[in-house]
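Undergrad: File follows, input24.cif with mmCIF, C-alpha atoms and all ligand atoms:
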data_protein
#
loop_
_atom_site.label_atom_id
_atom_site.label_comp_id
_atom_site.auth_asym_id
_atom_site.auth_seq_id
_atom_site.Cartn_x
_atom_site.Cartn_y
_atom_site.Cartn_z
CA MET A 1 131.63 -143.72 10.78
CA HIS A 2 131.80 -140.47 8.89
CA THR A 3 128.66 -138.77 7.79
CA ASN A 4 130.14 -135.64 6.32
CA GLU A 5 128.79 -135.51 2.79
CA VAL A 6 130.15 -132.13 1.86
CA ASN A 7 133.79 -132.95 1.25
CA GLN A 8 134.23 -135.83 -1.10
CA ALA A 9 137.73 -137.13 -1.59
CA PRO A 10 138.52 -135.63 -4.99
CA MET A 11 141.19 -138.09 -6.07
CA ASN A 12 141.26 -138.20 -9.80
CA THR A 13 145.02 -138.31 -10.16
CA GLU A 14 147.65 -140.59 -8.67
CA GLN A 15 148.98 -139.68 -5.27
CA TYR A 16 150.98 -141.69 -2.74
CA VAL A 17 151.83 -141.20 0.91
CA CYS A 18 155.11 -142.48 2.38
CA LYS A 19 154.31 -144.24 5.67
CA VAL A 20 157.87 -143.74 6.92
CA CYS A 21 157.94 -139.93 6.78
CA GLY A 22 154.49 -138.82 5.58
CA TYR A 23 155.66 -137.14 2.38
CA ASN A 24 153.07 -137.07 -0.43
CA MET A 25 154.08 -137.92 -3.98
CA LEU A 26 151.84 -136.41 -6.65
CA GLY A 27 151.63 -138.19 -9.99
CA LYS A 28 153.43 -141.36 -10.98
CA CYS A 29 154.76 -143.59 -8.21
CA PRO A 30 158.53 -143.17 -7.78
CA GLY A 31 160.78 -146.04 -6.68
CA HIS A 32 161.84 -144.27 -3.52
CA CYS A 33 160.49 -141.48 -1.34
CA PRO A 34 162.13 -138.21 -2.41
CA PHE A 35 162.10 -137.03 1.22
CA CYS A 36 163.33 -140.01 3.26
CA GLY A 37 164.45 -142.52 0.63
CA ALA A 38 162.06 -145.29 1.75
CA ASP A 39 161.26 -148.03 -0.75
CA ARG A 40 157.91 -147.83 -2.61
CA ARG A 41 156.65 -150.82 -0.61
CA GLN A 42 156.28 -148.30 2.21
CA PHE A 43 153.82 -146.22 0.20
CA LEU A 44 150.04 -146.10 0.42
CA THR A 45 147.80 -144.64 -2.23
CA ALA A 46 146.16 -141.46 -0.99
CA GLU A 47 142.79 -143.26 -1.14
CA ALA A 48 144.09 -146.07 1.07
CA ALA A 49 145.52 -143.50 3.50
CA THR A 50 142.12 -141.80 3.72
CA ALA A 51 140.53 -145.17 4.49
CA GLN A 52 143.10 -146.13 7.13
CA TYR A 53 143.69 -142.85 8.93
CA GLU A 54 141.65 -140.09 10.47
CA VAL A 55 142.38 -136.41 10.83
CA VAL A 56 141.59 -135.19 14.33
CA GLU A 57 141.25 -131.73 15.79
CA GLU A 58 142.26 -130.94 19.33
CA TYR A 59 140.97 -127.60 20.62
CA ILE A 60 143.41 -125.14 22.14
CA THR A 61 140.95 -122.24 22.29
CA GLU A 62 137.50 -121.80 20.77
CA THR A 63 139.03 -120.49 17.57
CA LEU A 64 142.27 -122.44 17.46
CA SER A 65 142.86 -126.16 17.21
CA ARG A 66 145.71 -128.52 16.54
CA VAL A 67 145.18 -130.88 13.62
CA ASN A 68 146.97 -134.20 13.19
CA THR A 69 146.57 -137.48 11.37
CA GLN A 70 145.67 -140.40 13.60
CA PRO A 71 147.24 -142.84 14.15
CA ALA A 72 150.42 -140.78 13.83
CA ILE A 73 152.11 -141.15 10.46
CA GLY A 74 155.79 -140.59 9.73
CA ILE A 75 157.13 -137.31 11.03
CA GLU A 76 154.02 -135.32 10.17
CA HIS A 77 154.20 -131.75 11.49
CA ALA A 78 151.13 -130.57 13.39
CA ALA A 79 148.82 -128.26 11.47
CA TYR A 80 146.77 -125.56 13.19
CA ARG A 81 143.27 -124.46 12.29
CA LEU A 82 142.77 -120.81 13.11
CA ASP A 83 139.64 -118.73 12.77
CA THR A 84 140.69 -115.09 12.96
CA GLY A 85 137.11 -113.85 12.58
CA GLN A 86 138.02 -112.62 9.10
CA LYS A 87 139.28 -115.80 7.50
CA VAL A 88 139.82 -119.42 8.48
CA PHE A 89 143.39 -120.58 8.06
CA LEU A 90 145.14 -123.89 8.26
CA ILE A 91 148.79 -123.30 9.09
CA ASP A 92 150.56 -126.27 7.47
CA CYS A 93 148.54 -129.34 6.51
CA PRO A 94 147.94 -132.97 7.50
CA VAL A 95 149.66 -135.53 5.27
CA VAL A 96 146.41 -137.48 4.85
CA PHE A 97 143.21 -136.25 3.22
CA HIS A 98 140.17 -136.88 5.36
CA PRO A 99 136.67 -135.47 4.81
CA ASN A 100 136.38 -134.83 8.56
CA LEU A 101 138.53 -131.73 8.33
CA ARG A 102 136.28 -128.70 8.35
CA PRO A 103 136.78 -126.37 5.37
CA VAL A 104 139.26 -123.48 5.60
CA ASP A 105 139.80 -120.49 3.32
CA VAL A 106 143.58 -120.67 3.18
CA ILE A 107 146.28 -123.27 3.80
CA ALA A 108 149.39 -121.23 4.66
CA PHE A 109 152.73 -123.03 4.83
CA THR A 110 155.68 -122.35 7.07
CA HIS A 111 158.01 -124.30 4.74
CA PRO A 112 157.85 -126.87 1.93
CA HIS A 113 158.76 -130.21 3.53
CA PHE A 114 155.29 -131.60 4.25
CA LEU A 115 152.71 -130.04 2.00
CA GLY A 116 150.80 -133.26 2.58
CA ALA A 117 147.28 -133.50 1.23
CA ALA A 118 146.97 -129.72 0.69
CA ASN A 119 146.22 -130.21 -3.01
CA LEU A 120 143.35 -132.57 -2.15
CA TYR A 121 141.86 -130.20 0.42
CA ARG A 122 142.19 -127.42 -2.15
CA GLN A 123 140.22 -129.50 -4.66
CA SER A 124 137.70 -130.53 -2.05
CA PHE A 125 136.73 -127.19 -0.57
CA GLY A 126 138.56 -124.62 -2.65
CA ALA A 127 141.15 -123.52 -0.09
CA GLU A 128 143.93 -121.31 -1.43
CA ILE A 129 147.48 -122.50 -0.83
CA TRP A 130 150.04 -119.87 0.20
CA ILE A 131 153.80 -120.30 0.51
CA HIS A 132 156.92 -118.15 0.27
CA SER A 133 158.23 -117.96 -3.30
CA ALA A 134 161.68 -119.22 -2.27
CA ASP A 135 160.08 -122.40 -0.89
CA ALA A 136 157.59 -122.86 -3.73
CA VAL A 137 160.49 -123.80 -5.99
CA ASN A 138 161.83 -126.45 -3.60
CA PRO A 139 161.96 -129.80 -5.48
CA LEU A 140 159.75 -131.29 -2.74
CA ALA A 141 157.05 -128.68 -3.44
CA ARG A 142 157.18 -128.18 -7.18
CA SER A 143 154.30 -130.49 -8.13
CA TYR A 144 151.81 -128.69 -5.86
CA PRO A 145 149.48 -125.93 -7.00
CA PHE A 146 150.03 -122.59 -5.25
CA ASP A 147 147.51 -119.77 -5.30
CA ARG A 148 149.77 -117.19 -3.74
CA THR A 149 153.50 -116.98 -3.39
CA PHE A 150 155.02 -114.09 -1.49
CA GLU A 151 158.45 -112.64 -0.87
CA HIS A 152 157.82 -110.19 1.94
CA GLY A 153 155.92 -110.12 5.19
CA PHE A 154 152.26 -109.12 5.14
CA THR A 155 149.07 -109.08 7.18
CA GLU A 156 145.88 -110.43 5.69
CA GLY A 157 142.65 -111.74 7.13
CA GLY A 158 144.03 -111.20 10.61
CA LEU A 159 147.16 -113.28 9.98
CA GLU A 160 150.67 -111.83 9.99
CA ALA A 161 153.33 -113.56 7.92
CA TRP A 162 156.95 -113.14 8.99
CA PRO A 163 159.38 -114.65 6.51
CA ILE A 164 162.56 -115.31 8.50
CA GLY A 165 164.33 -117.95 6.38
CA GLY A 166 166.79 -120.26 8.11
CA HIS A 167 165.60 -123.85 8.14
CA THR A 168 164.55 -123.26 4.52
CA PRO A 169 165.12 -120.08 2.45
CA GLY A 170 161.46 -119.06 2.60
CA PHE A 171 160.69 -120.26 6.11
CA THR A 172 157.78 -118.18 7.42
CA VAL A 173 156.51 -117.71 10.95
CA TYR A 174 152.84 -116.76 11.30
CA VAL A 175 151.30 -114.70 14.07
CA HIS A 176 147.75 -114.03 15.11
CA ALA A 177 146.94 -111.99 18.23
CA ASP A 178 148.79 -113.73 21.11
CA THR A 179 149.70 -116.91 19.22
CA MET A 180 152.86 -117.60 17.22
CA PHE A 181 153.12 -120.47 14.72
CA LEU A 182 156.70 -121.58 14.49
CA CYS A 183 156.61 -125.12 13.10
CA ASP A 184 160.08 -126.66 13.35
CA LEU A 185 162.50 -123.75 13.57
CA VAL A 186 163.36 -125.11 17.01
CA PHE A 187 162.81 -128.47 18.69
CA MET A 188 161.54 -128.40 22.26
CA ASN A 189 161.24 -131.24 24.74
CA GLY A 190 161.94 -132.03 28.37
CA ALA A 191 165.68 -131.71 27.74
CA GLY A 192 165.33 -128.12 26.52
CA MET A 193 165.43 -126.45 23.14
CA ARG A 194 167.67 -126.75 20.10
CA PHE A 195 167.67 -125.37 16.60
CA ASN A 196 166.34 -127.68 13.90
CA PRO A 197 169.47 -129.59 12.88
CA TYR A 198 168.09 -130.64 9.46
CA GLY A 199 168.97 -127.45 7.66
CA PRO A 200 171.80 -124.93 7.27
CA ASP A 201 173.14 -124.32 10.77
CA ARG A 202 174.29 -120.74 10.32
CA SER A 203 171.19 -119.37 8.65
CA THR A 204 168.91 -121.23 11.06
CA ARG A 205 170.64 -119.40 13.91
CA ASP A 206 170.45 -116.10 11.99
CA ALA A 207 166.72 -116.68 11.60
CA GLY A 208 166.53 -117.23 15.37
CA ALA A 209 168.26 -113.90 16.00
CA TYR A 210 165.92 -112.15 13.56
CA LEU A 211 162.88 -113.75 15.17
CA ARG A 212 164.02 -112.43 18.51
CA GLU A 213 163.98 -108.88 17.09
CA LEU A 214 160.48 -109.43 15.74
CA ILE A 215 159.02 -110.72 19.00
CA GLU A 216 160.58 -107.98 21.10
CA GLY A 217 157.83 -105.88 22.64
CA ARG A 218 155.07 -108.22 21.51
CA LYS A 219 152.84 -110.05 23.94
CA PHE A 220 152.24 -113.73 23.33
CA THR A 221 150.40 -116.43 25.23
CA ARG A 222 151.45 -119.53 23.33
CA VAL A 223 153.72 -120.92 20.67
CA CYS A 224 152.39 -123.59 18.32
CA GLY A 225 155.25 -125.77 17.12
CA TRP A 226 155.61 -128.82 14.89
CA ASN A 227 154.94 -131.27 17.72
CA TYR A 228 154.18 -129.09 20.72
CA VAL A 229 152.07 -126.23 22.00
CA ALA A 230 154.04 -124.29 24.61
CA ASP A 231 153.19 -121.53 27.05
CA TYR A 232 155.02 -118.47 25.83
CA PRO A 233 156.90 -117.53 29.02
CA GLU A 234 158.45 -121.00 29.24
CA TRP A 235 159.17 -121.07 25.52
CA ARG A 236 160.76 -117.61 25.63
CA MET A 237 162.97 -118.55 28.56
CA GLN A 238 164.26 -121.59 26.69
CA PHE A 239 164.65 -119.60 23.48
CA GLU A 240 166.82 -116.99 25.24
CA LYS A 241 168.92 -119.78 26.69
CA LEU A 242 169.31 -121.36 23.26
CA LEU A 243 170.39 -118.08 21.67
CA GLU A 244 172.90 -117.57 24.43
CA THR A 245 174.39 -121.08 24.51
CA THR A 246 174.76 -121.20 20.73
CA GLY A 247 176.40 -117.77 20.66
CA THR A 248 173.64 -116.53 18.36
CA VAL A 249 173.17 -113.17 20.09
ZN ZN B 301 159.36 -140.90 3.09
ZN ZN B 302 160.63 -129.28 8.51
#
Take the structure from the file and write it as structure tokens.

TA:
Amino acid sequence: MHTNEVNQAPMNTEQYVCKVCGYNMLGKCPGHCPFCGADRRQFLTAEAATAQYEVVEEYITETLSRVNTQPAIGIEHAAYRLDTGQKVFLIDCPVVFHPNLRPVDVIAFTHPHFLGAANLYRQSFGAEIWIHSADAVNPLARSYPFDRTFEHGFTEGGLEAWPIGGHTPGFTVYVHADTMFLCDLVFMNGAGMRFNPYGPDRSTRDAGAYLRELIEGRKFTRVCGWNYVADYPEWRMQFEKLLETTGTV
């Protein structure tokens, strides 16, 4: 049961969610998912998705939590809710709209693949949507409203944006205090780390080399990735190994 009466689902236009990958289609229903190619029989209306799924927050610290749709849907990338003390950010966004998600000031994207229900959260509680200008023009992102597009790194509201490119041209890493938000630049599991293979190989590795320059001399505690939260020392060790074994540095 949900008793939150503040955020009403503001669905006055058509929107569909692909159950196979989690991609949201704004406007008229296409025959196939533009992201994964699944047939339209695999789609839910956004309203039906809200009724069938929840959005849950898992606390990492008092001011940082991991946000995911439950049950898991498609290949949704974890979003992170971060209160810097100046602004409340959501780094990336769940693919399902649910009124349980507490309001944020800004939804900041690392890249354009899963903008999810960001437009519905924006309508619901007025969050701004930020993304790098090179990713705003991605065909998968074009139908979304953006309140800020940027080309260069910046710090605002306690959040640092580091555009590094690679996986996508505008791929942006975010940093706050001792936490780095990296989404899917690298995959990490028990078997080790590898660069995201679903993008241009060379520029993804170049982005890795650039990231290494940026993190040099900085102190981190954790790395928040697309499906993991890692302790920084372990992550860094695996990252160095990856750079070495791929001949990146
Ligand atoms: Zn799909
Ligand atoms: Zn991705």

Undergrad: List all protein, DNA and RNA residues that have at least one atom no more than 7 Å from any atom of ligand ZN 302 (chain B), counting all atoms listed in the file, and write them as number ranges by chain.

TA: A: 111, 113, 184

Undergrad: Just C-alpha atoms for this one: save the residues we selected as a short mmCIF file (atom, residue, chain, number, x, y, z; two decimals), in the coordinates of the input.

TA:
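See out04.cif below for the written result:
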data_model
loop_
_atom_site.label_atom_id
_atom_site.label_comp_id
_atom_site.auth_asym_id
_atom_site.auth_seq_id
_atom_site.Cartn_x
_atom_site.Cartn_y
_atom_site.Cartn_z
CA HIS A 111 158.01 -124.30 4.74
CA HIS A 113 158.76 -130.21 3.53
CA ASP A 184 160.08 -126.66 13.35
#

Undergrad: Give me the chain A side of the contact with ligand ZN 301 (chain B), cut-off 6 Å, one line per residue showing its nearest atom pair and distance in Å at one decimal, counting only C-alpha atoms and all ligand atoms, sorted by chain and residue number, as a Markdown table.

TA:
| residue | atom | partner | partner_atom | distance |
| --- | --- | --- | --- | --- |
| A:Cys18 | CA | B:ZN301 | ZN | 4.6 |
| A:Val20 | CA | B:ZN301 | ZN | 5.0 |
| A:Cys21 | CA | B:ZN301 | ZN | 4.1 |
| A:Gly22 | CA | B:ZN301 | ZN | 5.9 |
| A:Tyr23 | CA | B:ZN301 | ZN | 5.3 |
| A:Cys33 | CA | B:ZN301 | ZN | 4.6 |
| A:Phe35 | CA | B:ZN301 | ZN | 5.1 |
| A:Cys36 | CA | B:ZN301 | ZN | 4.1 |
| A:Gly37 | CA | B:ZN301 | ZN | 5.9 |
| A:Ala38 | CA | B:ZN301 | ZN | 5.3 |

Undergrad: If you count all atoms listed in the file, which residues fall within 12 Å of Met237 in chain A, apart from same-chain ones fewer than 4 positions away, as JSON, numbers by chain?

TA: {"A": [188, 192, 193, 212, 230, 231, 232, 233, 241, 242, 243, 244]}

Undergrad: Using all atoms listed in the file and a cutoff of 12 Å, can you tell me which residues are near (137.5, -126.7, 18.3) in the file's coordinates, and write them out as a ChimeraX atom specification?

TA: /A:56-67,80-83,101-102

Undergrad: Restricting the calculation to only C-alpha atoms, which member of A:Ala108, A:Val229, A:Ile164, A:Leu159 is positioned closest to Ser203 in chain A?

TA: A:Ile164

Undergrad: Please report the interatomic distance between CA of Tyr174 in chain A and CA of Ala79 in chain A in Å with one decimal.

TA: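 For CA of Tyr174 in chain A relative to CA of Ala79 in chain A, the distance reads 12.2 Å.
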
Undergrad: When you count only C-alpha atoms, which of these residues is closest to Leu140 in chain A: A:Pro112, A:Gly217, A:Gly208, A:Gly225?

TA: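 Nearest candidate to Leu140 in chain A out of A:Pro112, A:Gly217, A:Gly208, A:Gly225: A:Pro112.
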
Undergrad: To one decimal place, how far is CA of Pro71 in chain A from CA of Val17 in chain A in Å?

TA: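 It comes out at 14.1 Å.
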
Undergrad: Please compute the CA of Thr69 in chain A-CA of Val55 in chain A distance, one decimal, in Å.

TA: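 Computing it gives 4.4 Å between the two atoms.
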
Undergrad: Can you tell me which residues surround range 167-169 of chain A at a distance of at most 12 Å, considering only C-alpha atoms, apart from same-chain residues fewer than 6 positions away, and format the answer as number ranges by chain?

TA: A: 109-113, 131-138, 140, 151, 182-187, 195-208

Undergrad: Counting only C-alpha atoms, which residue out of A:Glu156, A:Glu14, A:Asp39, A:Glu213 sits closest to Val175 in chain A?

TA: A:Glu156

Undergrad: Taking all atoms listed in the file into account, which of A:Ile73, A:Ala209, A:Ala127, A:Val104 comes nearest Phe89 in chain A?

TA: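 The closest residue to Phe89 in chain A is A:Val104.
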
Undergrad: Ranking A:Gly27, A:Pro103, A:Pro163, A:Pro94 by minimum distance to Ala72 in chain A and counting all atoms listed in the file, which one comes first?

TA: A:Pro94

Undergrad: Here is a test: counting all atoms listed in the file, which residue of A:Ile215, A:Cys29, A:Ile129, A:Leu120 is nearest to Asp92 in chain A?

TA: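 Closest to Asp92 in chain A, using all atoms listed in the file: A:Ile129.
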
Undergrad: Just want the 8 Å neighbourhood of Gly153 in chain A, counted on all atoms listed in the file, with same-chain residues fewer than 4 positions away dropped. Output as a count of residues only.

TA: 4

Undergrad: Kindly add N, CA and C atoms to the incomplete range 123-151 of chain A and provide the output as a PDB file, keeping the file's coordinate frame.

TA:
ATOM      1  N   GLN A 123     141.246-129.022  -3.715  1.00  0.00           N
ATOM      2  CA  GLN A 123     140.220-129.500  -4.660  1.00  0.00           C
ATOM      3  C   GLN A 123     138.883-129.688  -3.983  1.00  0.00           C
ATOM      4  N   SER A 124     138.933-130.178  -2.744  1.00  0.00           N
ATOM      5  CA  SER A 124     137.700-130.530  -2.050  1.00  0.00           C
ATOM      6  C   SER A 124     136.881-129.310  -1.659  1.00  0.00           C
ATOM      7  N   PHE A 125     137.530-128.335  -1.004  1.00  0.00           N
ATOM      8  CA  PHE A 125     136.730-127.190  -0.570  1.00  0.00           C
ATOM      9  C   PHE A 125     137.277-125.839  -1.029  1.00  0.00           C
ATOM     10  N   GLY A 126     138.162-125.877  -2.008  1.00  0.00           N
ATOM     11  CA  GLY A 126     138.560-124.620  -2.650  1.00  0.00           C
ATOM     12  C   GLY A 126     139.490-123.744  -1.841  1.00  0.00           C
ATOM     13  N   ALA A 127     140.206-124.330  -0.870  1.00  0.00           N
ATOM     14  CA  ALA A 127     141.150-123.520  -0.090  1.00  0.00           C
ATOM     15  C   ALA A 127     142.276-123.028  -0.993  1.00  0.00           C
ATOM     16  N   GLU A 128     142.729-121.798  -0.744  1.00  0.00           N
ATOM     17  CA  GLU A 128     143.930-121.310  -1.430  1.00  0.00           C
ATOM     18  C   GLU A 128     145.157-121.846  -0.709  1.00  0.00           C
ATOM     19  N   ILE A 129     146.220-122.071  -1.452  1.00  0.00           N
ATOM     20  CA  ILE A 129     147.480-122.500  -0.830  1.00  0.00           C
ATOM     21  C   ILE A 129     148.498-121.370  -0.974  1.00  0.00           C
ATOM     22  N   TRP A 130     149.058-120.964   0.164  1.00  0.00           N
ATOM     23  CA  TRP A 130     150.040-119.870   0.200  1.00  0.00           C
ATOM     24  C   TRP A 130     151.384-120.402   0.690  1.00  0.00           C
ATOM     25  N   ILE A 131     152.449-119.924   0.062  1.00  0.00           N
ATOM     26  CA  ILE A 131     153.800-120.300   0.510  1.00  0.00           C
ATOM     27  C   ILE A 131     154.774-119.243   0.010  1.00  0.00           C
ATOM     28  N   HIS A 132     155.879-119.097   0.698  1.00  0.00           N
ATOM     29  CA  HIS A 132     156.920-118.150   0.270  1.00  0.00           C
ATOM     30  C   HIS A 132     157.482-118.593  -1.075  1.00  0.00           C
ATOM     31  N   SER A 133     157.779-117.620  -1.938  1.00  0.00           N
ATOM     32  CA  SER A 133     158.230-117.960  -3.300  1.00  0.00           C
ATOM     33  C   SER A 133     159.535-118.750  -3.294  1.00  0.00           C
ATOM     34  N   ALA A 134     160.409-118.497  -2.318  1.00  0.00           N
ATOM     35  CA  ALA A 134     161.680-119.220  -2.270  1.00  0.00           C
ATOM     36  C   ALA A 134     161.477-120.689  -1.894  1.00  0.00           C
ATOM     37  N   ASP A 135     160.366-121.005  -1.242  1.00  0.00           N
ATOM     38  CA  ASP A 135     160.080-122.400  -0.890  1.00  0.00           C
ATOM     39  C   ASP A 135     159.180-123.086  -1.906  1.00  0.00           C
ATOM     40  N   ALA A 136     158.467-122.277  -2.702  1.00  0.00           N
ATOM     41  CA  ALA A 136     157.590-122.860  -3.730  1.00  0.00           C
ATOM     42  C   ALA A 136     158.403-123.603  -4.776  1.00  0.00           C
ATOM     43  N   VAL A 137     159.646-123.188  -4.963  1.00  0.00           N
ATOM     44  CA  VAL A 137     160.490-123.800  -5.990  1.00  0.00           C
ATOM     45  C   VAL A 137     161.310-124.976  -5.446  1.00  0.00           C
ATOM     46  N   ASN A 138     161.152-125.291  -4.168  1.00  0.00           N
ATOM     47  CA  ASN A 138     161.830-126.450  -3.600  1.00  0.00           C
ATOM     48  C   ASN A 138     161.386-127.700  -4.369  1.00  0.00           C
ATOM     49  N   PRO A 139     162.338-128.586  -4.728  1.00  0.00           N
ATOM     50  CA  PRO A 139     161.960-129.800  -5.480  1.00  0.00           C
ATOM     51  C   PRO A 139     160.848-130.591  -4.787  1.00  0.00           C
ATOM     52  N   LEU A 140     160.777-130.536  -3.456  1.00  0.00           N
ATOM     53  CA  LEU A 140     159.750-131.290  -2.740  1.00  0.00           C
ATOM     54  C   LEU A 140     158.365-130.653  -2.889  1.00  0.00           C
ATOM     55  N   ALA A 141     158.320-129.426  -3.380  1.00  0.00           N
ATOM     56  CA  ALA A 141     157.050-128.680  -3.440  1.00  0.00           C
ATOM     57  C   ALA A 141     156.565-128.427  -4.852  1.00  0.00           C
ATOM     58  N   ARG A 142     157.452-128.645  -5.816  1.00  0.00           N
ATOM     59  CA  ARG A 142     157.180-128.180  -7.180  1.00  0.00           C
ATOM     60  C   ARG A 142     155.914-128.716  -7.832  1.00  0.00           C
ATOM     61  N   SER A 143     155.479-129.921  -7.450  1.00  0.00           N
ATOM     62  CA  SER A 143     154.300-130.490  -8.130  1.00  0.00           C
ATOM     63  C   SER A 143     152.980-130.009  -7.532  1.00  0.00           C
ATOM     64  N   TYR A 144     153.051-129.183  -6.485  1.00  0.00           N
ATOM     65  CA  TYR A 144     151.810-128.690  -5.860  1.00  0.00           C
ATOM     66  C   TYR A 144     151.328-127.406  -6.523  1.00  0.00           C
ATOM     67  N   PRO A 145     150.015-127.195  -6.498  1.00  0.00           N
ATOM     68  CA  PRO A 145     149.480-125.930  -7.000  1.00  0.00           C
ATOM     69  C   PRO A 145     149.543-124.863  -5.897  1.00  0.00           C
ATOM     70  N   PHE A 146     150.020-123.674  -6.224  1.00  0.00           N
ATOM     71  CA  PHE A 146     150.030-122.590  -5.250  1.00  0.00           C
ATOM     72  C   PHE A 146     149.182-121.434  -5.767  1.00  0.00           C
ATOM     73  N   ASP A 147     148.371-120.873  -4.898  1.00  0.00           N
ATOM     74  CA  ASP A 147     147.510-119.770  -5.300  1.00  0.00           C
ATOM     75  C   ASP A 147     148.148-118.427  -5.003  1.00  0.00           C
ATOM     76  N   ARG A 148     149.059-118.425  -4.030  1.00  0.00           N
ATOM     77  CA  ARG A 148     149.770-117.190  -3.740  1.00  0.00           C
ATOM     78  C   ARG A 148     151.186-117.526  -3.277  1.00  0.00           C
ATOM     79  N   THR A 149     152.149-116.910  -3.922  1.00  0.00           N
ATOM     80  CA  THR A 149     153.500-116.980  -3.390  1.00  0.00           C
ATOM     81  C   THR A 149     153.892-115.558  -3.024  1.00  0.00           C
ATOM     82  N   PHE A 150     154.671-115.430  -1.981  1.00  0.00           N
ATOM     83  CA  PHE A 150     155.020-114.090  -1.490  1.00  0.00           C
ATOM     84  C   PHE A 150     156.502-114.034  -1.159  1.00  0.00           C
ATOM     85  N   GLU A 151     157.032-112.817  -1.176  1.00  0.00           N
ATOM     86  CA  GLU A 151     158.450-112.640  -0.870  1.00  0.00           C
ATOM     87  C   GLU A 151     158.653-111.892   0.424  1.00  0.00           C
TER      88      GLU A 151
END
